[in-house]
Amino acid sequence: MKKEQAEPKKASIKVKFILFFTVFIVILCATYTAVSLWRLTGAAVDIFSREGVVIVEKAAALLDGDAYADLAASGDSGRPYYESTRKALFTLKQAYDCRFLFTMSPVSGTVWAYIIDGSAEPGAEEFSAMGDTDDIAGWDGALLRAAENGTVEISGLEYQDGWGWVISVYAPIKTRAGAVAGIIGCDFDAGPLHDLMMTEIVRQIILALIFVAAGFVLEYIFIRMIFRPMEQVRFSLRKIAEGEGDLRISIPVHRMDEVGDMADNFNRFIAKLKEIIFTINTSVEELNRNALGLKTGSGEMLAETESIFRGAGEIRDTAGNQSRHAETTSEGIRQIEGRIDRLESMLGAQLGAVREASAAIDTMTANLRSVSASMSLIGERYVTLVSDSRGGRDQQLKTGESVDRIAGQMENLISANKTITVIAAQTNLLAMNAAIEAAHAGTAGQGFAVVAEEIRNLSVTATDQSKTIAAHINEIKDTMKIVVDASKQSISSFGRISTDIEALSAFINEIQSAMDAQNAQIEGIVRATVSVRESAASIHDEAGLMKSDSAPIFSQMDELARAAQTILSQAEKSIRAAEELHGASERVMEIANRNAVNADNVSATVRRFRV
């Protein structure tokens with residue numbers, strides 16, 4: 001048995017849909033909020049930067065780079081250039097809505113010093129005196145970029161300790177030689193922008209929560225619309241999969257949407273599956289009938305082979321008797337030949353010695369009587385031999401007819417085996433179609449795929465067994481051909497034997513007639529000794545003729561003995577062939593029984609489905 005496959009872990013599509021839809025809504029709201037804030041910040045920075053660029057460019061126009069470099073190097077805030085420039089920057093700052101307007105120069109590393117601060121009047125909290133330092137490591141990198149690149153740079157929204165949220169614009173202060181002596185910085189108060197952004201964030205979060213709630217409502221509606229009909233489909237499939245194969249179940253189709261179409265397709269699949277099961281059931285019933293027919297034919301063939309085996313044994317026994325009779329007859333003929341030779345010698349002696357005619361005639365009379373008795377015995381044995389030969393020939397003809405009937409039954413077996421092969425091929429095709437339909441059904445069709453695979457394996461087994469049966473039938477046909485050829489040769493041999501025996505019987509009858517005539521002549525010789533010489537000459541001539549006529553009989557008797565041996569050898573071969581045929585019939589019978597058992601198993605499997 002195959003090991004049961006581990007049940008796969010169940011994963012709910014509904015849960016996946018809820019998680020996916022929830023994550024999608026959250027990501028969508030977060031993305032929308034982030035994009036809104038990014039656009040708001042970008043718009044504010046763009047507004048401030050455009051105004052800041054104008055301020056720093058105007059401030060740079062107010063500064064003399066070389067004078068600024070000397071002021072920064074001296075650190076003397078009492079110079080007139082410092083005060084005049086500070087006032088000009090302060091005036092410019094008041095003209096625009098910026099919070100700080102100042103200049104700085106590097107001291108060491110990230111430490112920079114304020115040089116001229118135009119943000120407020122001296123003494124104010126926001127005013128930075130000349131030489132005050134600050135570490136810009138925590139600032140936006142725009143200041144360093146402006147100093148290194150010599151270009152106007154704009155920072156993003158940043159938080160500076162003590163000053164809060166600001167947006168800064170920096171421009172380089174260059175000497176006539178093009179060297180950067182310091183930078184001009186313009187800071188805009190971004191606190192209100194930051195507050196606006198926080199307000200926007202709260203508003204976006206509220207909108208996101210509203211969208212999430214609306215999404216959950218829509219999600220619930222979609223789940224009812226989609227998964228409720230799917231639950232009906234799943235329930236029906238579960239009843240089929242976990243039940244006893246009840247294919248009468250159908251899914252109600254309430255509306256023709258995608259789910260309704262899936263339910264309708266499922267119902268059509270069940271209908272096709274019913275047709276497939278019905279076709280398989282019909283094919284299995286036909287297979288059962290063919291298996292029963294094959295089993296019955298195998299039994300009949302087994303009985304016929306037993307009859308052939310018994311007939312071959314009888315042929316062997318008859319051929320053995322025939323061989324022994326032929327040997328006995330041949331021995332008697334050889335004795336006759338010797339006696340004829342002695343008779344001829346005696347007649348020659350009689351012709352040479354008339355004085356001894358009477359004694360010779362008496363001796364010849366006794367010998368002829370003995371010969372006559374032997375010929376009578378030979379005649380009787382020939383009559384028995386003719387009868388046995390005809391009986392053997394009739395038996396051989398019956399055996400040939402039985403072999404012909406078996407050959408005809410072999411053709412029926414071949415036809416039945418071809419039918420089994422065709423049914424197995426159709427079963428394999430049906431199993432493949434069922435497996436394809438099961439694959440279309442996905443996970444729900446795995447049970448049908450297993451059934452289809454089992455049916456396909458049974459079809460492959462039936463095909464293999466059909467090939468085995470075909471191989472055995474071919475072996476039986478070859479054996480039957482040998483038996484038919486041997487039977488034909490045996491019938492032909494019996495025909496020749498019968499013809500030769502009948503001819504020999506005619507010769508023996510002629511000899512018997514001659515012997516009767518000789519007896520009459522001898523009686524005449526006894527009554528009339530005067531004609532002894534003429535009678536002796538006549539007897540001598542008759543003896544010569546008898547010897548001449550007996551020569552073919554001797555040759556035919558030898559042929560009869562050899563034919564009897566041939567028949568005996570053919571009978572032995574027939575027995576061996578019958579034994580092989582009997583064994584093959586038993587194997588066919590065994591295969592037919594297994595085929596019937598397999599057909600019953602397939603039928604039991606198919607009957608599990610209720611259509």
# chains A, B, ... in the order shown; residues from 1 in each chain; ligands from 1
call {"tool": "residues_around", "arguments": {"residues": "Asp97 in chain A", "least_positions_apart": "6", "cutoff": "10 Å", "atoms": "only C-alpha atoms", "output": "count of residues only"}}
result
7
call {"tool": "residues_around", "arguments": {"residues": "Pro106 in chain A", "least_positions_apart": "3", "cutoff": "10 Å", "atoms": "only C-alpha atoms", "output": "ChimeraX atom specification"}}
result
/A:72,109-114,133-134,144,147,181-183
call {"tool": "write_last_selection", "arguments": {"atoms": "N, CA, C and O atoms", "output": "compact mmCIF listing (two decimals), in the first residue's frame"}}
result
# COMPACT_ATOMS: atom_id res chain seq x y z
N ALA A 72 37.53 89.92 9.56
CA ALA A 72 37.48 88.60 10.21
C ALA A 72 38.83 88.23 10.78
O ALA A 72 38.92 87.62 11.85
N GLY A 109 37.85 73.11 12.24
CA GLY A 109 36.91 71.99 12.14
C GLY A 109 35.52 72.48 11.82
O GLY A 109 35.28 73.22 10.87
N THR A 110 34.60 72.08 12.71
CA THR A 110 33.19 72.47 12.52
C THR A 110 32.83 73.67 13.38
O THR A 110 31.64 74.00 13.50
N VAL A 111 33.84 74.29 13.99
CA VAL A 111 33.60 75.48 14.81
C VAL A 111 33.72 76.72 13.92
O VAL A 111 34.76 76.93 13.29
N TRP A 112 32.66 77.51 13.89
CA TRP A 112 32.63 78.75 13.10
C TRP A 112 32.34 79.92 14.05
O TRP A 112 31.71 79.74 15.09
N ALA A 113 32.82 81.13 13.66
CA ALA A 113 32.64 82.34 14.48
C ALA A 113 31.75 83.33 13.75
O ALA A 113 31.82 83.47 12.52
N TYR A 114 30.89 84.00 14.54
CA TYR A 114 30.06 85.07 13.96
C TYR A 114 30.95 86.30 13.73
O TYR A 114 31.72 86.68 14.60
N THR A 133 31.30 81.99 18.90
CA THR A 133 31.46 80.75 18.08
C THR A 133 30.26 79.80 18.28
O THR A 133 29.54 79.88 19.27
N ASP A 134 30.20 78.93 17.32
CA ASP A 134 29.12 77.90 17.38
C ASP A 134 29.61 76.66 16.61
O ASP A 134 30.29 76.78 15.57
N LEU A 144 28.31 74.16 5.02
CA LEU A 144 29.60 73.63 4.57
C LEU A 144 29.63 73.50 3.05
O LEU A 144 30.67 73.74 2.42
N ALA A 147 30.34 76.88 1.61
CA ALA A 147 31.74 77.27 1.78
C ALA A 147 32.65 76.48 0.85
O ALA A 147 33.62 77.02 0.30
N ALA A 181 35.85 83.90 1.82
CA ALA A 181 36.30 84.43 3.12
C ALA A 181 35.31 84.10 4.22
O ALA A 181 35.63 84.13 5.40
N GLY A 182 34.10 83.79 3.88
CA GLY A 182 33.07 83.46 4.86
C GLY A 182 31.76 83.19 4.16
O GLY A 182 31.68 83.10 2.92
N ILE A 183 30.67 83.14 4.93
CA ILE A 183 29.35 82.90 4.33
C ILE A 183 28.37 83.89 4.93
O ILE A 183 28.55 84.40 6.04
call {"tool": "atom_distance", "arguments": {"atom1": "CA of Arg390 in chain A", "atom2": "CA of Ala577 in chain A"}}
result
24.0 Å
call {"tool": "select_by_dssp", "arguments": {"residues": "range 72-316 of chain A", "states": "strand (DSSP E or B)", "output": "number ranges by chain"}}
result
A: 100-108, 111-117, 133-135, 153-154, 158-160, 164-174, 180-189, 246
call {"tool": "write_last_selection", "arguments": {"atoms": "N, CA and C atoms", "output": "short mmCIF file (atom, residue, chain, number, x, y, z; two decimals), in the first residue's frame"}}
result
data_model
loop_
_atom_site.label_atom_id
_atom_site.label_comp_id
_atom_site.auth_asym_id
_atom_site.auth_seq_id
_atom_site.Cartn_x
_atom_site.Cartn_y
_atom_site.Cartn_z
N PHE A 100 16.88 85.68 11.06
CA PHE A 100 18.30 85.98 11.28
C PHE A 100 18.96 86.27 9.95
N LEU A 101 19.92 87.25 10.00
CA LEU A 101 20.75 87.57 8.84
C LEU A 101 22.14 87.83 9.40
N PHE A 102 23.12 87.00 9.08
CA PHE A 102 24.43 87.07 9.74
C PHE A 102 25.50 86.59 8.77
N THR A 103 26.76 86.86 9.21
CA THR A 103 27.91 86.34 8.48
C THR A 103 28.76 85.55 9.45
N MET A 104 29.48 84.49 8.91
CA MET A 104 30.32 83.63 9.72
C MET A 104 31.57 83.27 8.95
N SER A 105 32.63 82.97 9.72
CA SER A 105 33.88 82.51 9.12
C SER A 105 34.37 81.30 9.90
N PRO A 106 35.09 80.39 9.27
CA PRO A 106 35.54 79.17 9.96
C PRO A 106 36.66 79.49 10.93
N VAL A 107 36.64 78.70 12.06
CA VAL A 107 37.71 78.82 13.05
C VAL A 107 38.57 77.56 12.98
N SER A 108 38.02 76.46 13.31
CA SER A 108 38.72 75.18 13.19
C SER A 108 37.69 74.06 13.17
N VAL A 111 33.84 74.29 13.99
CA VAL A 111 33.60 75.48 14.81
C VAL A 111 33.72 76.72 13.92
N TRP A 112 32.66 77.51 13.89
CA TRP A 112 32.63 78.75 13.10
C TRP A 112 32.34 79.92 14.05
N ALA A 113 32.82 81.13 13.66
CA ALA A 113 32.64 82.34 14.48
C ALA A 113 31.75 83.33 13.75
N TYR A 114 30.89 84.00 14.54
CA TYR A 114 30.06 85.07 13.96
C TYR A 114 30.95 86.30 13.73
N ILE A 115 30.79 86.96 12.60
CA ILE A 115 31.58 88.16 12.29
C ILE A 115 30.66 89.39 12.35
N ILE A 116 29.69 89.46 11.46
CA ILE A 116 28.76 90.60 11.45
C ILE A 116 27.36 90.01 11.55
N ASP A 117 26.59 90.43 12.57
CA ASP A 117 25.24 89.92 12.76
C ASP A 117 24.26 91.06 12.53
N THR A 133 31.30 81.99 18.90
CA THR A 133 31.46 80.75 18.08
C THR A 133 30.26 79.80 18.28
N ASP A 134 30.20 78.93 17.32
CA ASP A 134 29.12 77.90 17.38
C ASP A 134 29.61 76.66 16.61
N ASP A 135 29.28 75.49 17.16
CA ASP A 135 29.65 74.23 16.48
C ASP A 135 28.51 73.84 15.53
N GLU A 153 23.40 77.70 -1.18
CA GLU A 153 22.86 76.41 -0.76
C GLU A 153 21.68 76.66 0.18
N ILE A 154 20.72 75.76 0.14
CA ILE A 154 19.49 75.88 0.93
C ILE A 154 19.37 74.63 1.80
N GLU A 158 15.03 72.15 9.68
CA GLU A 158 15.88 71.56 10.70
C GLU A 158 15.65 72.24 12.03
N TYR A 159 16.02 71.52 13.08
CA TYR A 159 15.85 72.04 14.44
C TYR A 159 17.22 72.40 15.00
N GLN A 160 17.37 73.63 15.43
CA GLN A 160 18.63 74.10 16.02
C GLN A 160 18.39 74.46 17.49
N GLY A 164 15.14 76.78 17.65
CA GLY A 164 13.93 76.10 17.18
C GLY A 164 14.02 75.66 15.73
N TRP A 165 12.85 75.53 15.09
CA TRP A 165 12.77 75.04 13.70
C TRP A 165 13.04 76.19 12.74
N VAL A 166 13.98 76.00 11.85
CA VAL A 166 14.36 77.05 10.90
C VAL A 166 14.60 76.43 9.53
N ILE A 167 14.56 77.34 8.53
CA ILE A 167 14.97 77.00 7.16
C ILE A 167 16.03 78.04 6.78
N SER A 168 17.21 77.58 6.36
CA SER A 168 18.35 78.50 6.15
C SER A 168 18.76 78.50 4.69
N VAL A 169 19.29 79.75 4.28
CA VAL A 169 19.87 79.92 2.94
C VAL A 169 21.26 80.51 3.14
N TYR A 170 22.28 79.90 2.50
CA TYR A 170 23.66 80.33 2.70
C TYR A 170 24.26 80.71 1.34
N ALA A 171 25.05 81.86 1.38
CA ALA A 171 25.75 82.31 0.17
C ALA A 171 27.20 82.58 0.54
N PRO A 172 28.17 82.33 -0.34
CA PRO A 172 29.59 82.55 -0.03
C PRO A 172 29.96 84.04 -0.12
N ILE A 173 30.92 84.46 0.71
CA ILE A 173 31.50 85.81 0.61
C ILE A 173 32.87 85.63 -0.02
N LYS A 174 33.04 86.16 -1.23
CA LYS A 174 34.27 85.92 -1.98
C LYS A 174 35.10 87.20 -2.07
N VAL A 180 36.86 82.12 -0.85
CA VAL A 180 35.70 82.23 0.04
C VAL A 180 36.22 82.66 1.40
N ALA A 181 35.85 83.90 1.82
CA ALA A 181 36.30 84.43 3.12
C ALA A 181 35.31 84.10 4.22
N GLY A 182 34.10 83.79 3.88
CA GLY A 182 33.07 83.46 4.86
C GLY A 182 31.76 83.19 4.16
N ILE A 183 30.67 83.14 4.93
CA ILE A 183 29.35 82.90 4.33
C ILE A 183 28.37 83.89 4.93
N ILE A 184 27.28 84.14 4.17
CA ILE A 184 26.16 84.95 4.63
C ILE A 184 25.00 83.99 4.86
N GLY A 185 24.45 84.01 6.04
CA GLY A 185 23.34 83.13 6.37
C GLY A 185 22.07 83.88 6.62
N CYS A 186 20.96 83.32 6.12
CA CYS A 186 19.63 83.90 6.32
C CYS A 186 18.72 82.79 6.84
N ASP A 187 18.22 82.94 8.08
CA ASP A 187 17.36 81.93 8.70
C ASP A 187 15.92 82.43 8.75
N PHE A 188 15.01 81.56 8.35
CA PHE A 188 13.59 81.87 8.43
C PHE A 188 12.98 81.03 9.55
N ASP A 189 12.08 81.62 10.29
CA ASP A 189 11.40 80.92 11.38
C ASP A 189 10.41 79.92 10.78
N ASP A 246 -20.14 10.72 -3.32
CA ASP A 246 -21.49 11.03 -3.80
C ASP A 246 -21.40 12.14 -4.84
#
call {"tool": "closest_residue", "arguments": {"among": "A:Ser466, A:Thr22, A:Gln570, A:Ser376", "to": "Val212 in chain A", "atoms": "only C-alpha atoms"}}
result
A:Thr22
call {"tool": "atom_distance", "arguments": {"atom1": "CA of Ile476 in chain A", "atom2": "CA of Glu572 in chain A"}}
result
18.1 Å
call {"tool": "residues_around", "arguments": {"residues": "range 84-86 of chain A", "least_positions_apart": "6", "cutoff": "12 Å", "atoms": "only C-alpha atoms", "output": "count of residues only"}}
result
30
call {"tool": "closest_residue", "arguments": {"among": "A:Glu437, A:Asp70, A:Asp516, A:Asp341", "to": "Arg268 in chain A", "atoms": "only C-alpha atoms"}}
result
A:Glu437
